[in-house]
Amino acid sequence: MSSTFEQIANIIAETCDIPRDTIKPESHAIDDLGIDSLDFLDIAFAIDKAFGIKMPLEKWTQEVNDGKATTEQYFVLKNLADRIDELVAAKNAGTGTASGS
Amino acid sequence: MQLEYFQLIDRIVDLNIGDKTIVVEADVPRTNTIFEGHFPGYPIMPGVLLTEAMAQSSGWLLLGLMKFERMPFLAMIKEAKMRGFVNPGEVLTIEAKVEHEGSGFAVTSAKVRVGKELKCSADLTFRHIPFPHPDLRVHMDAMAKKIGFPQQALTHD
């Protein structure tokens, strides 16, 4: 089974037509890969479906806007993979909703 | 339909909050200036308006699911296929279904039929946000009443 990062990278490459070999764990989805908010909706849809979760994009965005989090925490891909692993673990543990909200 | 006001849905036939589906009807007007240009001697409903009709149908479904607390806005159209001409005076039956509810967005699929004939289909993505202006909420409430939005559907958990 491929790693969470590998799955995310493949989704981004396919969804946004970005060469797969340019997508690194350290890549920032917005700053490095140039993914805009509309493309990110497509990515979120694909990730939600692939992992059976509901990524809490609104909560994350609010935290960034409120200065409680940085974009790096959610949009650097290795960090995004960690967040997704947490959501999947929460879902599998049956601890509330998979959205984390 | 009131094309001048971009009001493309005439009545809600069925809204199933549990199944996340909606069926609506829309009466294409027999005459309209749009048909004078689209096209002279061969009037047909523009595909862009059929797509908007699918979006508005999906929008009513999403409004119901969100209990009129948030307003959906069309963000993305995929796989839009115009499969046959729609003529003035025909009645559209539009079905929409929620395919995914994300955080701040939703994805639907929709189909337009005239009789049993499939005329067009599309996959649509919406962003949704709290109503950005009270006038919009008032307008949507009035429109809901006008097209027979089943208020009892909002009590569904």
# chains A, B, ... in the order shown; residues from 1 in each chain; ligands from 1
>>> residues_around(residues="range 22-38 of chain B", least_positions_apart="3", cutoff="7 Å", atoms="only C-alpha atoms", output="ChimeraX atom specification")
/B:1,8-16,43-44,57,61,88-97
>>> write_last_selection(atoms="C-alpha atoms", output="PDB file, in the first residue's frame")
ATOM      1  CA  MET B   1     -38.965  29.987 -16.137  1.00  0.00           C
ATOM      2  CA  LEU B   8     -35.032  28.643 -14.152  1.00  0.00           C
ATOM      3  CA  ILE B   9     -36.910  26.359 -11.780  1.00  0.00           C
ATOM      4  CA  ASP B  10     -40.709  26.416 -11.633  1.00  0.00           C
ATOM      5  CA  ARG B  11     -41.567  23.786  -9.060  1.00  0.00           C
ATOM      6  CA  ILE B  12     -40.083  21.171  -6.809  1.00  0.00           C
ATOM      7  CA  VAL B  13     -41.632  17.774  -7.471  1.00  0.00           C
ATOM      8  CA  ASP B  14     -39.741  15.772  -4.884  1.00  0.00           C
ATOM      9  CA  LEU B  15     -37.087  16.504  -2.284  1.00  0.00           C
ATOM     10  CA  ASN B  16     -35.619  13.600  -0.359  1.00  0.00           C
ATOM     11  CA  PRO B  43     -34.929  28.190 -31.636  1.00  0.00           C
ATOM     12  CA  ILE B  44     -33.347  25.933 -29.027  1.00  0.00           C
ATOM     13  CA  SER B  57     -31.792  22.336  -8.992  1.00  0.00           C
ATOM     14  CA  LEU B  61     -31.204  20.409  -2.789  1.00  0.00           C
ATOM     15  CA  PRO B  88     -39.400  26.310 -26.680  1.00  0.00           C
ATOM     16  CA  GLY B  89     -42.490  25.193 -24.783  1.00  0.00           C
ATOM     17  CA  GLU B  90     -41.048  21.912 -23.523  1.00  0.00           C
ATOM     18  CA  VAL B  91     -41.164  20.861 -19.874  1.00  0.00           C
ATOM     19  CA  LEU B  92     -37.863  19.913 -18.263  1.00  0.00           C
ATOM     20  CA  THR B  93     -37.610  17.354 -15.509  1.00  0.00           C
ATOM     21  CA  ILE B  94     -34.356  17.863 -13.647  1.00  0.00           C
ATOM     22  CA  GLU B  95     -32.919  15.392 -11.184  1.00  0.00           C
ATOM     23  CA  ALA B  96     -29.967  16.137  -8.941  1.00  0.00           C
ATOM     24  CA  LYS B  97     -28.132  14.054  -6.384  1.00  0.00           C
TER      25      LYS B  97
END
>>> residues_around(residues="Ser27 in chain A", least_positions_apart="2", cutoff="6 Å", atoms="only C-alpha atoms", output="PyMOL selection string")
chain A and resi 24-25+32+76-77
>>> write_last_selection(atoms="C-alpha atoms", output="JSON list (two decimals), in the first residue's frame")
[["chain", "number", "residue", "atom", "x", "y", "z"],
["A", 24, "LYS", "CA", 7.88, 16.62, -2.90],
["A", 25, "PRO", "CA", 7.01, 16.06, 0.77],
["A", 32, "ASP", "CA", 5.41, 25.93, -4.39],
["A", 76, "VAL", "CA", 3.06, 21.49, 3.18],
["A", 77, "LEU", "CA", 2.38, 18.04, 1.82]]
>>> residues_around(residues="Asp39 in chain A", least_positions_apart="5", cutoff="12 Å", atoms="only C-alpha atoms", output="compact mmCIF listing (two decimals) with N, CA and C atoms, in the first residue's frame")
# COMPACT_ATOMS: atom_id res chain seq x y z
N ILE A 11 -2.72 12.21 -6.48
CA ILE A 11 -3.99 12.94 -6.66
C ILE A 11 -3.72 14.35 -7.20
N ILE A 12 -2.76 15.03 -6.60
CA ILE A 12 -2.44 16.39 -7.04
C ILE A 12 -1.94 16.39 -8.48
N ALA A 13 -1.06 15.44 -8.79
CA ALA A 13 -0.51 15.37 -10.15
C ALA A 13 -1.62 15.19 -11.17
N GLU A 14 -2.55 14.28 -10.83
CA GLU A 14 -3.62 13.97 -11.78
C GLU A 14 -4.64 15.11 -11.85
N THR A 15 -4.98 15.66 -10.70
CA THR A 15 -6.03 16.68 -10.65
C THR A 15 -5.57 18.00 -11.25
N CYS A 16 -4.33 18.37 -10.97
CA CYS A 16 -3.84 19.70 -11.36
C CYS A 16 -2.88 19.66 -12.54
N ASP A 17 -2.67 18.49 -13.09
CA ASP A 17 -1.76 18.35 -14.23
C ASP A 17 -0.38 18.89 -13.90
N ILE A 18 0.11 18.53 -12.73
CA ILE A 18 1.46 18.91 -12.30
C ILE A 18 2.35 17.68 -12.41
N ALA A 29 1.61 23.35 -1.06
CA ALA A 29 0.63 23.22 -2.14
C ALA A 29 0.35 24.55 -2.83
N ILE A 30 0.31 25.62 -2.05
CA ILE A 30 -0.03 26.92 -2.61
C ILE A 30 1.22 27.64 -3.11
N LEU A 33 3.54 24.80 -5.44
CA LEU A 33 2.88 24.11 -6.55
C LEU A 33 1.86 25.00 -7.26
N GLY A 34 1.56 26.15 -6.66
CA GLY A 34 0.66 27.10 -7.32
C GLY A 34 -0.78 26.64 -7.38
N ALA A 44 -9.45 18.18 -2.54
CA ALA A 44 -10.14 17.79 -1.30
C ALA A 44 -11.19 16.72 -1.59
N PHE A 45 -11.90 16.89 -2.69
CA PHE A 45 -12.91 15.90 -3.09
C PHE A 45 -12.25 14.53 -3.29
N ALA A 46 -11.14 14.53 -4.02
CA ALA A 46 -10.46 13.26 -4.31
C ALA A 46 -9.87 12.65 -3.04
N ALA B 75 -19.23 26.53 -8.44
CA ALA B 75 -17.79 26.75 -8.53
C ALA B 75 -17.15 26.00 -9.70
N MET B 76 -17.73 24.88 -10.07
CA MET B 76 -17.06 24.05 -11.07
C MET B 76 -18.10 23.22 -11.83
N THR B 125 -19.77 21.28 -8.86
CA THR B 125 -19.20 21.52 -7.54
C THR B 125 -19.63 22.90 -7.06
>>> atom_distance(atom1="CA of Ser109 in chain B", atom2="CA of Asp48 in chain A")
17.1 Å
>>> atom_distance(atom1="CA of Glu63 in chain A", atom2="CA of Arg20 in chain A")
29.4 Å
>>> interface_residues(of="chain A", to="chain B", cutoff="12 Å", atoms="only C-alpha atoms", output="number ranges by chain")
A: 37-49, 52-62, 98-101
>>> select_by_dssp(residues="chain A", states="alpha helix (DSSP H)", output="ChimeraX atom specification")
/A:4-16,37-51,57-65,71-75,77-93
>>> closest_residue(among="B:Leu154, B:Phe149, B:Lys67, B:Leu62", to="Leu124 in chain B", atoms="only C-alpha atoms")
B:Leu62
>>> atom_distance(atom1="CA of Arg137 in chain B", atom2="CA of Asp19 in chain B")
25.0 Å
>>> closest_residue(among="B:Met143, B:Val138, B:Ala55, B:Met71", to="Ala110 in chain B", atoms="only C-alpha atoms")
B:Ala55
>>> select_by_dssp(residues="range 4-157 of chain B", states="strand (DSSP E)", output="number ranges by chain")
B: 11-16, 21-27, 70-82, 91-101, 105-114, 117-130
>>> residues_around(residues="range 45-47 of chain B", least_positions_apart="3", cutoff="7 Å", atoms="only C-alpha atoms", output="ChimeraX atom specification")
/B:50-51,82,86-88
>>> write_last_selection(atoms="C-alpha atoms", output="PDB file, in the first residue's frame")
ATOM      1  CA  LEU B  50     -29.644  24.100 -19.205  1.00  0.00           C
ATOM      2  CA  THR B  51     -26.462  23.858 -17.155  1.00  0.00           C
ATOM      3  CA  MET B  82     -25.604  18.377 -24.207  1.00  0.00           C
ATOM      4  CA  VAL B  86     -34.495  21.414 -26.016  1.00  0.00           C
ATOM      5  CA  ASN B  87     -37.214  23.374 -27.779  1.00  0.00           C
ATOM      6  CA  PRO B  88     -39.400  26.310 -26.680  1.00  0.00           C
TER       7      PRO B  88
END
